[in-house]
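Student: What follows is a single structure, and I will ask about it in a moment.
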Protein chains: 4
Amino acid sequence: MTDVSIIGGSGYGGGELLRLLLSHPCVEVKQVTSRSHLGEYVYQVHPNLRKRTQLKFSDPAALESVDLLFLAQPHGQAQHNIEQYAKLAPKIIDLAADFRLRDAVFYEKWYGEKHAAPQWLGKFVYGLPELHREEMATANYVSGVGCNATASNLALLPLVKADLLDLSAPVVIEIKVGSSESGAEGNVGSHHAERANVIRTFSAFGHRHTAEVIQEMGIKDVSLTMTAVDLVRGVLATAHAKVKEGVGTKDLWKAYRAVANENPFLRVVREQRGIYRVPEPKILAGSNYADLGFELDENNGHIVAMCAIDNLMKGASGSAVQCMNLMMGWEETMGLEFAGLHPI
Amino acid sequence: MTDVSIIGGSGYGGGELLRLLLSHPCVEVKQVTSRSHLGEYVYQVHPNLRKRTQLKFSDPAALESVDLLFLAQPHGQAQHNIEQYAKLAPKIIDLAADFRLRDAVFYEKWYGEKHAAPQWLGKFVYGLPELHREEMATANYVSGVGCNATASNLALLPLVKADLLDLSAPVVIEIKVGSSESGAEGNVGSHHAERANVIRTFSAFGHRHTAEVIQEMGIKDVSLTMTAVDLVRGVLATAHAKVKEGVGTKDLWKAYRAVANENPFLRVVREQRGIYRVPEPKILAGSNYADLGFELDENNGHIVAMCAIDNLMKGASGSAVQCMNLMMGWEETMGLEFAGLHPI
Amino acid sequence: MTDVSIIGGSGYGGGELLRLLLSHPCVEVKQVTSRSHLGEYVYQVHPNLRKRTQLKFSDPAALESVDLLFLAQPHGQAQHNIEQYAKLAPKIIDLAADFRLRDAVFYEKWYGEKHAAPQWLGKFVYGLPELHREEMATANYVSGVGCNATASNLALLPLVKADLLDLSAPVVIEIKVGSSESGAEGNVGSHHAERANVIRTFSAFGHRHTAEVIQEMGIKDVSLTMTAVDLVRGVLATAHAKVKEGVGTKDLWKAYRAVANENPFLRVVREQRGIYRVPEPKILAGSNYADLGFELDENNGHIVAMCAIDNLMKGASGSAVQCMNLMMGWEETMGLEFAGLHPI
Amino acid sequence: MTDVSIIGGSGYGGGELLRLLLSHPCVEVKQVTSRSHLGEYVYQVHPNLRKRTQLKFSDPAALESVDLLFLAQPHGQAQHNIEQYAKLAPKIIDLAADFRLRDAVFYEKWYGEKHAAPQWLGKFVYGLPELHREEMATANYVSGVGCNATASNLALLPLVKADLLDLSAPVVIEIKVGSSESGAEGNVGSHHAERANVIRTFSAFGHRHTAEVIQEMGIKDVSLTMTAVDLVRGVLATAHAKVKEGVGTKDLWKAYRAVANENPFLRVVREQRGIYRVPEPKILAGSNYADLGFELDENNGHIVAMCAIDNLMKGASGSAVQCMNLMMGWEETMGLEFAGLHPI
């Protein structure tokens with residue numbers, strides 16, 4: 001068994017990670033830290049884990065060495081402590097935004113502050129297996145992914161990989177998200193009475209996850225517009241772009257099928273009948289799938305490319321476990337077999 | 001008192017219209033028809049009207065003459081019976097899509113069938129007061145509006161009116177809608193277990209309401225992408241467009257304030273603090289307001305223009321009553337004073 | 001016009017009250033206080049009031065004299081300041097729990113602390129018009145009502161008034177509530193991600209509103225069990241009790257019809273067909289109706305008596321306005337005409 | 001591998017069963033029938049199963065012999081075909097209500113019709129492992145369980161098993177349910193616009209599942225009151241009963257811990273802090289746990305006993321798989337390891 005610990009286990013990402021690791025066949029969870037819930041049973045915070053573990057939240061200052069360390073803290077903490085963490089474990093996976101960007105100047109542009117450990121940026125592999133699977137086999141340090149960036153990147157992946165986009169046109173990505181994205185701490189708008197029934201465009205431009213799309217897709221003129229809807233888990237990214245002249249539906253099918261065949265967690269959803277004809281986060285809660293779809297207006301080349309994920313799974317902890325599997329040389333899908341529910 | 005009747009009163013639009021007319025100070029509702037609910041009390045179908053009226057649904061074949069007739073049937077019926085209806089009342093307001101488009105060829109293109117009464121198309125005024133207030137003062141026939149078209153047209157109105165858009169760029173409108181849009185009959189996907197928690201992009205292109213945006217805004221390269229979310233009432237249209245070179249936030253404020261000043265039901269929502277900083281349909285249930293907002297990326301002229309409405313009010317029955325007020329020479333806001341609720 | 005002010009206007013009860021008063025034909029709102037939102041426009045907190053008022057929140061220390069003062073503060077404040085408030089206005093309506101109970105010992109039992117102004121308890125009339133309509137005509141001080149107490153009291157009213165209950169059996173009231181009950185401040189469980197989709201029995205026994213049921217219904221063996229469900233506005237109280245021997249469905253119909261005839265906001269809902277056969281808070285948002293229903297098991301006399309209300313209307317601000325109308329000698333329903341929406 | 005087939009696989013119970021069986025390590029699914037979806041891929045109806053199986057719905061007339069046959073049809077069909085099904089498989093588990101009751105007269109009383117195969121009633125074991133674990137080891141025929149009956153029976157189990165109830169007092173069970181209970185076909189009230197935001201007491205007395213509580217708990221004076229709330233999956237049963245004189249909280253803890261220790265899927269939830277202090281179906285979606293809790297009013301012996309389950313899992317397909325495991329001599333929890341999600 002491989003020993004792992006989680007720093008920052010009382011948040012939503014940390015809790016989901018813990019759920020996955022507790023049922024992972026090759027892993028033993030040694031410690032889960034939380035300052036605010038120190039000494040409490042983890043199931044008191046994550047009630048789904050009752051009868052699954054007797055672990056209590058421990059003090060981050062009392063961490064012991066392990067084979068692999070997961071960082072699941074709020075953004076901005078890991079970069080200050082990375083040297084210390086690296087002494088505790090030879091392999092680290094960070095779920096926060098601290099090491100997602102490769103370039104310190106680019107980081108500063110999007111996060112509005114200097115990076116505290118710029119020399120570490122180059123050591124991390126960006127944590128989306130669909131983009132960096134091979135590097136992960138030998139990586140010691142893997143970053144997390146932004147959930148909105150992941151939905152966006154995977155929506156665009158088949159198009160970018162097959163070079164089908166006309167990049168002289170802007171790429172506009174409309175993203176709809178559930179309330180778990182705001183984290184366990186929430187914000188003033190998180191109160192159920194204010195957050196239920198919303199269609200709230202809380203960010204028209206400039207969301208930080210945009211940086212990950214620019215970096216990973218190599219697209220410069222891209223914008224993310226974020227809208228909160230009444231749902232707990234789930235993201236749908238709907239990308240509006242233009243395909244190159246001559247690109248038709250057949251080319252698109254080919255490109256989409258190719259990525260779905262190469263990636264165990266990608267599926268193409270494009271049905272002619274039934275209720276579920278397009279990608280929908282609704283049925284993905286708890287699953288690591290990313291469902292992809294597209295629709296093309298052949299008159300003008302306008303393509304609508306969609307990707308649905310569970311933000312806490314493929315958009316965070318599920319991808320992190322998938323990265324671990326690849327780093328450790330295990331089956332990529334191990335511990336991530338849950339199919340999702342219908343109806344839900 | 002002005003006598004009015006409603007043909008097709010058991011649907012959501014008809015029910016909402018009935019609610020408004022029952023409390024309108026200048027109107028008396030004579031008959032409300034429904035074939036499927038013939039003989040039932042209207043409050044058995046619209047339970048909010050219990051203790052408000054003892055009206056029963058009557059037979060459409062037994063309609064008597066009135067001063068003004070509202071048509072609230074499913075699309076495609078009014079055009080076959082308009083001659084007959086015109087004999088019953090000197091003034092008609094149709095909530096359906098039958099008489100929204102001015103051109104029979106354009107109608108056929110978008111609705112896939114020949115119009116049954118093309119000679120009537122020119123007699124109707126398009127039923128959005130914010131676009132045709134003056135014509136309504138003398139109109140006898142006023143059409144309904146598509147709810148998604150209304151959210152789109154009002155999102156674009158300040159920009160079009162002030163001529164701020166660069167129309168060489170496409171206009172992409174992302175629309176999120178609640179479940180009352182599918183009508184009281186619903187469809188296979190309307191079952192709560194399938195429809196709750198959704199973010200379902202049920203139409204990427206080609207929604208029929210697009211035709212009303214093209215006609216009323218004079219924009220050719222415009223697309224509507226429709227996404228169902230978990231909400232009963234409400235539409236948010238988020239239009240992505242490009243402003244003309246040199247247009248800045250100040251110009252936009254001026255354009256938005258102008259339309260808000262001219263129109264009693266338009267409001268500009270663009271706050272720097274609080275929970276409700278942008279237009280949201282959540283707080284508009286039952287109100288006739290359309291809330292407008294915008295955000296500009298001054299680097300590239302990308303504008304995100306938003307409009308939130310209650311699809312059954314400003315997007316249907318509320319606008320119809322507003323049209324009636326204008327046609328009859330009454331105060332435009334009469335019977336439409338409900339402010340909406342917070343929280344809800 | 002009668003001048004009124006509201007102390008504590010940024011909460012949900014205060015906001016709803018303000019909405020009602022702003023459109024009340026006999027009233028002018030002079031001041032609305034809020035310490036935390038001092039100086040802000042009221043529409044920044046209550047966005048439904050945008051374009052309805054330019055009022056700003058004012059300092060409670062700067063209150064001027066008015067004809068009638070509404071107190072909408074959190075529980076426990078009014079009793080400390082009532083002498084001072086009484087100098088500002090000859091008539092006071094308090095929405096909080098400070099003056100609901102008539103007896104200081106009883107108050108201490110349920111609230112766990114001595115009352116700060118016990119000599120004032122006897123001066124207040126309990127603020128449910130259906131129970132104390134006549135006293136209100138001459139009252140200067142009227143208390144608020146607990147929303148859960150109101151649903152319970154009105155569920156039992158027809159049975160108690162017609163003396164149909166066998167009070168040797170306990171009365172068990174199961175209450176289901178929406179999230180606006182927790183107030184604008186909320187609590188740790190109010191985060192949408194934790195509060196959505198819940199069926200959470202947060203109080204099995206001992207809810208403070210029980211005291212109001214004991215006091216007003218004269219029933220000693222009564223318990224309230226509180227369950228939070230996924231809804232913003234609304235309460236359904238389902239009372240399980242036993243009718244006296246020989247009482248049948250006809251007796252019940254008679255008792256229910258009597259109270260519905262005597263009270264403009266009470267309706268009996270007991271249909272044999274349609275979707276809405278029983279009382280439901282869903283269709284009551286924004287309305288002041290209380291819908292009553294019952295079902296009797298004639299084999300054993302077990303009666304299930306239901307009452308649905310909007311907790312912010314009939315359960316708080318709506319009843320307060322109704323009290324004001326009675327205190328001022330106005331039409332009881334004035335300013336409370338909104339019928340509620342369907343669907344919603 | 002044990003070969004199994006499912007008759008009636010397009011409903012919610014059948015779909016959930018299929019999901020569980022597809023990932024069960026000892027089972028191979030041979031056929032899944034559906035008349036209405038004949039020839040379609042099962043993932044077109046149950047979209048969570050995309051990329052998990054290439055099975056298509058087959059004709060029930062073309063069923064082949066298997067080791068174990070699951071019946072997941074609507075109620076009333078299995079009893080007409082049981083002879084034929086018994087020829088196809090030596091072991092049968094029926095999810096419907098056809099074989100839940102042991103007595104044909106009792107069946108007729110609750111279902112209003114004669115049973116079509118009364119001689120088979122005695123051959124079936126009632127399908128709740130917590131009540132009939134030992135009999136299942138040798139059973140060939142196991143019935144399904146009513147989801148509401150299961151929540152009720154498990155809420156009462158610790159009390160009945162330890163003989164703590166005073167059965168001279170009536171047992172009143174208030175049950176709150178999600179929309180998946182109405183089945184994939186739904187009913188007139190299932191439309192999202194009518195079913196969202198509801199607190200709808202659709203059955204005050206006489207729900208058929210009551211019969212299973214009477215039969216299995218041996219309690220005669222018991223009633224189930226059913227209330228629909230806004231949720232897809234989940235049931236909470238809240239039983240109001242009276243404990244015998246002298247029974248205190250310590251006795252209750254002992255009784256609850258005993259059943260939790262004996263049953264892998266029962267948990268006691270009774271916390272003093274945190275958000276999740278009581279049983280809640282919210283966190284049980286997809287899990288087979290039944291969470292139990294209680295609260296006692298020591299003044300009068302009134303006990304509130306709660307049980308939360310996922311109606312499609314512990315209340316239907318999860319229990320069916322658990323029964324299969326016991327019938328086959330496998331580990332009881334096999335294939336039922338999913339912990340549930342938080343948040344969701």
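Here, A, B, ... name the chains of the structure tokens in the order displayed, residue numbers run from 1 inside each chain, and ligands are numbered from 1 in the same displayed order.
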With only C-alpha atoms considered, list every residue of chain D at most 7 Å from chain C, as a list in words.
Tutor: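 So the residues of chain D near chain C are Val188, Gly189, Ala193, Glu194, Asn197, Val198, Ile199, Arg200, Thr201, Ala204, Val229, Asp230, Leu231, Leu236, Ile275, Val278, Glu280, Pro281, Lys282, Glu295, Val304, Pro343 and Ile344 of chain D.
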Student: Enumerate, as a PyMOL selection string, the complete set of residues in stretch 90-167 of chain A that a backbone-based DSSP assignment places in alpha helix (DSSP H).
Tutor: chain A and resi 104-111+129-136+147-161
Student: Could you please determine the separation between atom CA of C:Leu101 and atom CA of C:Gln215 in Å, to one decimal place?
Tutor: 7.3 Å
Student: Please provide the set of residues having any atom within 9 Å of C:Thr33, restricted to only C-alpha atoms, with same-chain residues fewer than 6 positions apart removed, written as a PyMOL selection string.
Tutor: chain C and resi 5-10+56-63
Student: Please measure the separation of atom CA of D:Met217 and atom CA of D:Arg267, giving the value in Å to one decimal.
Tutor: 19.5 Å
